[in-house]
$ cat protein07.tsv   # TSV, C-alpha atoms
chain	number	residue	atom	x	y	z
Y	1	GLN	CA	0.00	0.00	0.00
Y	2	VAL	CA	1.36	3.39	-1.01
Y	3	GLN	CA	1.90	5.79	1.87
Y	4	LEU	CA	3.05	9.40	1.60
Y	5	VAL	CA	3.84	11.40	4.73
Y	6	GLU	CA	4.46	15.12	4.48
Y	7	SER	CA	6.33	17.14	7.11
Y	8	GLY	CA	8.04	20.49	7.55
Y	9	GLY	CA	5.04	22.80	7.56
Y	10	GLY	CA	4.60	25.58	10.07
Y	11	LEU	CA	4.08	29.29	10.54
Y	12	VAL	CA	6.43	31.48	8.52
Y	13	GLN	CA	6.58	35.20	7.85
Y	14	THR	CA	6.17	36.77	4.43
Y	15	GLY	CA	9.51	36.61	2.65
Y	16	GLY	CA	10.67	33.65	4.69
Y	17	SER	CA	11.65	30.15	3.66
Y	18	LEU	CA	10.45	26.66	4.46
Y	19	ARG	CA	11.41	23.16	3.35
Y	20	LEU	CA	8.75	20.49	3.05
Y	21	SER	CA	9.51	16.79	2.94
Y	22	CYS	CA	7.45	13.86	1.72
Y	23	ALA	CA	8.53	10.36	2.74
Y	24	ALA	CA	7.20	7.61	0.49
Y	25	SER	CA	6.72	3.91	1.08
Y	26	GLY	CA	4.96	1.07	-0.67
Y	27	LEU	CA	5.99	2.13	-4.16
Y	28	THR	CA	8.97	1.88	-6.48
Y	29	PHE	CA	9.99	5.47	-5.86
Y	30	SER	CA	12.59	5.56	-8.63
Y	31	GLU	CA	9.94	4.79	-11.30
Y	32	ARG	CA	7.43	7.49	-10.39
Y	33	ALA	CA	7.31	11.19	-10.86
Y	34	MET	CA	6.19	13.08	-7.75
Y	35	GLY	CA	4.30	16.31	-7.32
Y	36	TRP	CA	3.39	18.94	-4.76
Y	37	PHE	CA	-0.02	20.56	-4.65
Y	38	ARG	CA	-1.66	23.01	-2.26
Y	39	GLN	CA	-5.18	23.83	-1.21
Y	40	ALA	CA	-6.16	27.07	0.48
Y	41	PRO	CA	-9.41	27.38	2.46
Y	42	GLY	CA	-12.38	27.66	0.11
Y	43	ARG	CA	-10.29	27.05	-2.98
Y	44	GLU	CA	-9.59	24.10	-5.23
Y	45	ARG	CA	-6.39	22.10	-4.94
Y	46	GLU	CA	-3.78	23.53	-7.29
Y	47	PHE	CA	-0.53	22.33	-8.79
Y	48	VAL	CA	2.70	23.71	-7.32
Y	49	ALA	CA	5.63	21.67	-8.63
Y	50	SER	CA	6.59	18.24	-9.92
Y	51	ILE	CA	9.70	16.24	-10.68
Y	52	SER	CA	10.20	13.41	-13.17
Y	53	TRP	CA	10.91	9.84	-12.15
Y	54	GLY	CA	14.57	10.30	-13.14
Y	55	GLY	CA	14.84	13.64	-11.35
Y	56	ASP	CA	16.06	15.42	-14.48
Y	57	LYS	CA	12.87	17.31	-15.37
Y	58	THR	CA	10.80	19.65	-13.26
Y	59	ASN	CA	7.65	21.70	-13.70
Y	60	TYR	CA	6.48	24.65	-11.64
Y	61	ALA	CA	3.35	26.72	-11.42
Y	62	ASP	CA	3.93	30.22	-12.77
Y	63	SER	CA	3.19	31.68	-9.35
Y	64	VAL	CA	6.14	29.90	-7.71
Y	65	GLN	CA	8.64	29.76	-10.58
Y	66	ALA	CA	12.14	30.86	-9.52
Y	67	ARG	CA	11.18	30.85	-5.81
Y	68	PHE	CA	10.42	27.17	-5.17
Y	69	THR	CA	12.66	24.16	-5.86
Y	70	ILE	CA	11.53	20.54	-5.98
Y	71	SER	CA	14.02	17.71	-5.57
Y	72	LYS	CA	14.06	14.03	-4.75
Y	73	ASP	CA	16.39	11.65	-2.93
Y	74	VAL	CA	15.90	8.15	-4.29
Y	75	ALA	CA	18.06	6.62	-1.56
Y	76	LYS	CA	15.68	8.03	1.06
Y	77	ASP	CA	12.45	7.69	-0.97
Y	78	THR	CA	11.79	11.32	-0.19
Y	79	VAL	CA	10.75	14.32	-2.25
Y	80	TYR	CA	11.39	17.86	-1.06
Y	81	LEU	CA	9.95	21.29	-1.76
Y	82	GLU	CA	12.17	24.23	-0.89
Y	83	MET	CA	10.02	27.36	-0.69
Y	84	ASP	CA	11.72	30.76	-0.67
Y	85	ILE	CA	10.37	34.32	-0.58
Y	86	LEU	CA	7.03	33.03	0.64
Y	87	LYS	CA	3.95	35.16	0.05
Y	88	PRO	CA	0.66	35.22	2.03
Y	89	GLU	CA	-1.15	33.54	-0.87
Y	90	ALA	CA	0.92	30.43	-0.19
Y	91	THR	CA	-1.09	29.87	3.00
Y	92	ALA	CA	-2.56	26.42	2.40
Y	93	PHE	CA	-2.32	22.76	3.16
Y	94	HIS	CA	0.46	21.34	1.01
Y	95	TYR	CA	0.21	17.80	-0.29
Y	96	CYS	CA	2.53	15.49	-2.14
Y	97	ALA	CA	1.26	12.91	-4.60
Y	98	ARG	CA	2.51	10.10	-6.78
Y	99	ASP	CA	2.26	10.08	-10.56
Y	100	LEU	CA	-0.37	7.49	-11.46
Y	101	GLN	CA	1.71	6.45	-14.49
Y	102	ARG	CA	5.07	4.69	-14.26
Y	103	LEU	CA	8.03	6.20	-16.12
Y	104	ARG	CA	6.03	9.07	-17.59
Y	105	GLY	CA	8.04	11.16	-20.05
Y	106	TYR	CA	7.26	14.44	-18.31
Y	107	PRO	CA	6.47	15.50	-14.74
Y	108	PRO	CA	2.70	15.70	-14.14
Y	109	VAL	CA	1.08	19.13	-13.86
Y	110	SER	CA	-2.49	18.36	-12.85
Y	111	ALA	CA	-4.33	16.57	-10.07
Y	112	GLN	CA	-5.81	14.23	-12.70
Y	113	GLU	CA	-2.35	12.80	-13.36
Y	114	VAL	CA	-1.53	11.82	-9.79
Y	115	ASP	CA	-2.88	9.59	-7.06
Y	116	SER	CA	-1.93	8.36	-3.58
Y	117	TRP	CA	-2.13	11.69	-1.78
Y	118	GLY	CA	-0.49	12.32	1.57
Y	119	GLN	CA	-2.38	13.78	4.52
Y	120	GLY	CA	-0.94	17.24	3.96
Y	121	THR	CA	1.10	19.69	6.00
Y	122	GLN	CA	-0.12	23.17	6.83
Y	123	VAL	CA	1.82	26.26	5.83
Y	124	PRO	CA	0.45	29.51	7.24
Y	125	VAL	CA	2.27	32.58	5.92
Y	126	SER	CA	1.80	35.67	8.06
Y	127	SER	CA	1.71	39.09	6.40

$ encode --input "protein07.tsv" --output "structure tokens"
Amino acid sequence: QVQLVESGGGLVQTGGSLRLSCAASGLTFSERAMGWFRQAPGREREFVASISWGGDKTNYADSVQARFTISKDVAKDTVYLEMDILKPEATAFHYCARDLQRLRGYPPVSAQEVDSWGQGTQVPVSS
């Protein structure tokens, strides 16, 4: 059974940084792209960033481009999201998810392309 456990969330000030982690188990981590999504209160879940199964390709939402960095450590079965210059609109629960397709040629960019969501970690950004 696939299990994804996010950690690293917490209160941060506008302009600050935070690093989220997602530990995976029950899957062949090296064969799956991974993604981060976020959901603010009253809003739909939205794509943030994703990384290919090989770790050589990444995709980012326009709103976080050049401020966020996604990476993965295959030896630790963990995917990370480094968030810099955080803005109040980043206040949301952040979730990691597994690509529903093995060895996809590009990192997924939509919630329809992923499955096996984690429970989420909250990131409140104070203004």

$ residues_around --input "protein07.tsv" --residues "Ser7 (chain Y)" --least-positions-apart "4" --cutoff "12 Å" --atoms "all atoms listed in the file" --output "PyMOL selection string"
chain Y and resi 18-24+78-81+93-96+118-123

$ residues_around --input "protein07.tsv" --residues "Val12 (chain Y)" --least-positions-apart "6" --cutoff "7 Å" --atoms "all atoms listed in the file" --output "count of residues only"
3

$ residues_around --input "protein07.tsv" --residues "Leu86 (chain Y)" --least-positions-apart "3" --cutoff "9 Å" --atoms "only C-alpha atoms" --output "number ranges by chain"
Y: 12-18, 64, 67-68, 83, 89-90, 125

$ atom_distance --input "protein07.tsv" --atom1 "CA of Thr58 (chain Y)" --atom2 "CA of Asp115 (chain Y)"
18.1 Å

$ closest_residue --input "protein07.tsv" --among "Y:Asp56, Y:Asp77, Y:Glu113, Y:Glu31" --to "Leu4 (chain Y)" --atoms "all atoms listed in the file"
Y:Asp77

$ closest_residue --input "protein07.tsv" --among "Y:Gly35, Y:Gly105, Y:Gly26, Y:Gly10" --to "Ser50 (chain Y)" --atoms "only C-alpha atoms"
Y:Gly35

$ atom_distance --input "protein07.tsv" --atom1 "CA of Ser25 (chain Y)" --atom2 "CA of Glu46 (chain Y)"
23.8 Å

$ atom_distance --input "protein07.tsv" --atom1 "CA of Tyr60 (chain Y)" --atom2 "CA of Val48 (chain Y)"
5.8 Å

$ axis_aligned_box --input "protein07.tsv" --around "region 49-59 of chain Y" --padding-each-side "4 Å" --output "lines of an AutoDock Vina configuration file"
center_x = 10.8
center_y = 15.8
center_z = -12.0
size_x = 18.4
size_y = 19.9
size_z = 14.7

$ residues_near_point --input "protein07.tsv" --point "(3.2, 20.3, -18.7)" --cutoff "7 Å" --atoms "all atoms listed in the file" --output "number ranges by chain"
Y: 59, 108-109

$ closest_residue --input "protein07.tsv" --among "Y:Ser110, Y:Gln65, Y:Thr28, Y:Thr91" --to "Gly9 (chain Y)" --atoms "only C-alpha atoms"
Y:Thr91
